[in-house]
Amino acid sequence: MIRFVNVSKRYRGGHEALKQVSFELNKGEMAFLTGHSGAGKSTLLKLIMCIERSSTGEVYVNGRNVISTVKQHIPTLRRDIGMIFQNPELLNERMVFDNVALPLIIAGFRHQEIGRRVRAALDKVGLLAKEKCFPRQLSGGEQQRVGIARAVVNKPALLLADEPTGNLDPALSAEIMNLFKAFNQVGVSVLLASHDLALLARLKHRILTLKAGVLISDGT
Amino acid sequence: MGRRRQGKKSISTEGAERPLLLTPWQMLCMQHLYAMVTGLGRLCRAPMISLMTLAVIAIAFALPMSLFVVLKNMQHLSQRLGHGTQLTIFLREHVDMTTAETLAAHLRQRPDVAGVRLISPAEGLKDFESRTGFAGVVSVLQKNPLPVVIEIYPYMTKQSSMVLQDMALQFKMLLEVDTVQLDLQWIQRIHTMAGLAKRLVLLLTGLFAAAVYLIVGYSIRMTVEHSRDEISVLKLIGGTDSFIQRPYLYVGFLYGLCGALLATVIVVFGFYCLHAPLLQLSKLYNSDLHFAGLQFADIAVALTIGIVLGVIGAKLAVTRQLESIEPGSA
């Protein structure tokens, strides 16, 4: 699903965020990406989403070379990936339903199909009753779950999450993690960046550890 | 292409009896509808700012539009006056009416002459009396001192002052002719004034068009600036640049259309206010001038220009800014 081949990323100021990183994430696999702040976790996820481009090396997502993707094809590449941030990045002036429906409107789904899928996604994250609320009326955990619903509504084969539990208390964090596990169980590949080592240790999945841009360990 | 591939995938995995994706045409219509509603929502979210921007656009539009109405009426007036252009030929004293009639008939044949009027000395004197009020002048004078006069009405379609001057010279060469009078100065003045007004309108239209473009561009830039987070999210979930910028183009479209409409209302109202006093003034000068306001075609042109300026202003503003916004940068 994801393949990194000797990927390095050097930012314009000279800071080298990733150094010769190579790994592979199989279809249907769930893995965690960990490391201290500034270790390169976010950069790695940004390379997959084509938000940043690597300086050297190659990044493949679903067999497609991300580095050589032309600008016009980036939107279609991103539609196949669900991305979740620490801050759920919702549109505050639109209702929960409209926020979750956005990826489907962009992809050109029929009205009835949009309604059906949005409600299914909201049901999965337990927010069906709040579809008419505005994001500001929801708690932090609920907002994060709306972000997850938006990421999965398009049924992507790959889910990326950058510190999705960073702002949540342990109970809520565990709840969110269970959601990711549930998606993984139905065949979605998941790559989740987090520095909450205690939480990751409990979940017993593959853990990729970055330190100063270098992949120092890869295992459970 | 990507969408179609995705569509086939969805259909094949979830049953083919009902397509899940819209056809490209339906999708385009649906996304345009979505963009229009989103654009309208953006305008309604800050109604005071939207209304003020609209008012500025309308005023910027109303000025060249009212000048256009003034120009149209001036051109109409200059045409009317042009139709009254005439050359007056005073024949020599010894030329009698019979020779004058032959000459008049000869002149009438010319292709550049629309009409000829022959005025006998007696008629001339009568006219003089009635105009000046010197009724007893005939009894004082032993003999009618006036010559035979021929008035020539040239065709005005392609007449310029040069052609008229040329005609006057040709007439002056004739043996029977004493003098030819052509009052060119006022014709030249009115034509020059109309030409000047036309240029002024063009110049101001250009200036105000630039103003409309800048106002729309500026307000769209502000709106985009306020929506950085939203644009970043849309880019992240796979929104294409055209999908993201479409609502802003509709905002530009609405600014242009509504601005031009409001400007039309201003000009029509202004014309309505001035029409009655202008007619009264015209009557006081013993004239039956008519004043024309904005025609349907003029309004259609104004609306089109408004829409084009609005959309272009929005497009240029939003394209440049979209490039600078990337997911995660907000």
# chains A, B, ... in the order shown; residues from 1 in each chain; ligands from 1

$ interface_residues --of "chain A" --to "chain B" --cutoff "7 Å" --atoms "only C-alpha atoms" --output "ChimeraX atom specification"
/A:51,75-76,78-79,89,91,103,106-110,113

$ select_by_dssp --residues "range 31-198 of chain A" --states "alpha helix (DSSP H)" --output "PyMOL selection string"
chain A and resi 41-48+74-79+96-107+111-124+140-152+170-185+197-198

$ residues_around --residues "Val153 in chain A" --least-positions-apart "4" --cutoff "7 Å" --atoms "only C-alpha atoms" --output "list in words"
Val100, Arg117, Val118, Ala121 and Ala149 of chain A

$ atom_distance --atom1 "CA of Leu169 in chain B" --atom2 "CA of Arg110 in chain B"
14.8 Å

$ select_by_dssp --residues "range 82-121 of chain A" --states "strand (DSSP E or B)" --output "count of residues only"
4

$ atom_distance --atom1 "CA of Pro164 in chain A" --atom2 "CA of Gln86 in chain A"
4.5 Å

$ residues_around --residues "range 29-33 of chain A" --least-positions-apart "2" --cutoff "8 Å" --atoms "only C-alpha atoms" --output "PyMOL selection string"
chain A and resi 25-27+35+41+181+184+187-194+200+205-210

$ write_last_selection --atoms "C-alpha atoms" --output "short mmCIF file (atom, residue, chain, number, x, y, z; two decimals), in the first residue's frame"
data_model
loop_
_atom_site.label_atom_id
_atom_site.label_comp_id
_atom_site.auth_asym_id
_atom_site.auth_seq_id
_atom_site.Cartn_x
_atom_site.Cartn_y
_atom_site.Cartn_z
CA LEU A 25 3.14 -0.99 4.60
CA ASN A 26 1.09 -3.84 3.15
CA LYS A 27 -2.54 -3.72 2.10
CA GLY A 35 9.18 9.40 17.61
CA LYS A 41 6.56 11.88 11.54
CA LYS A 181 -8.83 -0.75 14.67
CA ASN A 184 -8.45 -1.83 9.83
CA GLY A 187 -9.46 -4.10 5.25
CA VAL A 188 -8.41 -0.44 5.43
CA SER A 189 -4.63 0.12 5.72
CA VAL A 190 -3.86 2.48 8.60
CA LEU A 191 -0.71 4.46 9.32
CA LEU A 192 -1.00 6.43 12.54
CA ALA A 193 1.59 8.87 13.86
CA SER A 194 1.63 9.33 17.62
CA LEU A 200 0.71 2.28 21.32
CA HIS A 205 0.71 -3.37 16.20
CA ARG A 206 3.77 -2.76 14.08
CA ILE A 207 5.62 0.36 15.27
CA LEU A 208 7.97 2.38 13.08
CA THR A 209 10.23 4.64 15.16
CA LEU A 210 11.83 7.75 13.77
#

$ residues_around --residues "range 211-216 of chain A" --least-positions-apart "4" --cutoff "6 Å" --atoms "only C-alpha atoms" --output "list in words"
Ala17, Leu18, Lys19, Val21, Gly35, Ala39 and Gly40 of chain A

$ decode --residues "range 114-157 of chain B" --atoms "C-alpha atoms" --output "compact mmCIF listing (two decimals), in the first residue's frame"
# COMPACT_ATOMS: atom_id res chain seq x y z
CA ALA B 114 -30.63 66.64 -50.93
CA GLY B 115 -32.75 69.69 -51.53
CA VAL B 116 -32.74 73.12 -53.09
CA ARG B 117 -34.91 76.08 -52.17
CA LEU B 118 -35.13 79.12 -54.38
CA ILE B 119 -35.94 82.40 -52.69
CA SER B 120 -36.96 85.31 -54.88
CA PRO B 121 -36.04 88.86 -53.78
CA ALA B 122 -39.69 89.48 -52.95
CA GLU B 123 -39.89 86.43 -50.74
CA GLY B 124 -36.60 87.38 -49.13
CA LEU B 125 -37.86 90.80 -48.27
CA LYS B 126 -41.08 89.41 -46.83
CA ASP B 127 -39.11 87.04 -44.70
CA PHE B 128 -36.82 89.87 -43.58
CA GLU B 129 -39.83 91.97 -42.60
CA SER B 130 -41.47 89.23 -40.62
CA ARG B 131 -38.28 88.36 -38.78
CA THR B 132 -37.09 91.84 -37.98
CA GLY B 133 -40.35 93.65 -37.61
CA PHE B 134 -39.33 96.43 -40.03
CA ALA B 135 -42.72 96.29 -41.69
CA GLY B 136 -42.56 99.66 -43.39
CA VAL B 137 -39.19 99.10 -44.95
CA VAL B 138 -40.58 98.41 -48.42
CA SER B 139 -42.23 101.77 -48.69
CA VAL B 140 -39.01 103.53 -47.75
CA LEU B 141 -36.89 101.63 -50.24
CA GLN B 142 -37.36 102.53 -53.88
CA LYS B 143 -36.23 99.14 -55.06
CA ASN B 144 -35.86 95.69 -53.50
CA PRO B 145 -32.13 95.49 -52.76
CA LEU B 146 -32.11 91.73 -52.14
CA PRO B 147 -30.65 89.29 -54.65
CA VAL B 148 -32.09 85.91 -55.58
CA VAL B 149 -31.01 83.35 -53.02
CA ILE B 150 -30.64 79.60 -53.41
CA GLU B 151 -30.52 77.47 -50.29
CA ILE B 152 -28.76 74.13 -50.72
CA TYR B 153 -29.42 71.25 -48.31
CA PRO B 154 -26.54 68.80 -48.69
CA TYR B 155 -26.77 65.10 -47.81
CA MET B 156 -25.34 64.76 -44.33
CA THR B 157 -24.54 61.09 -44.24
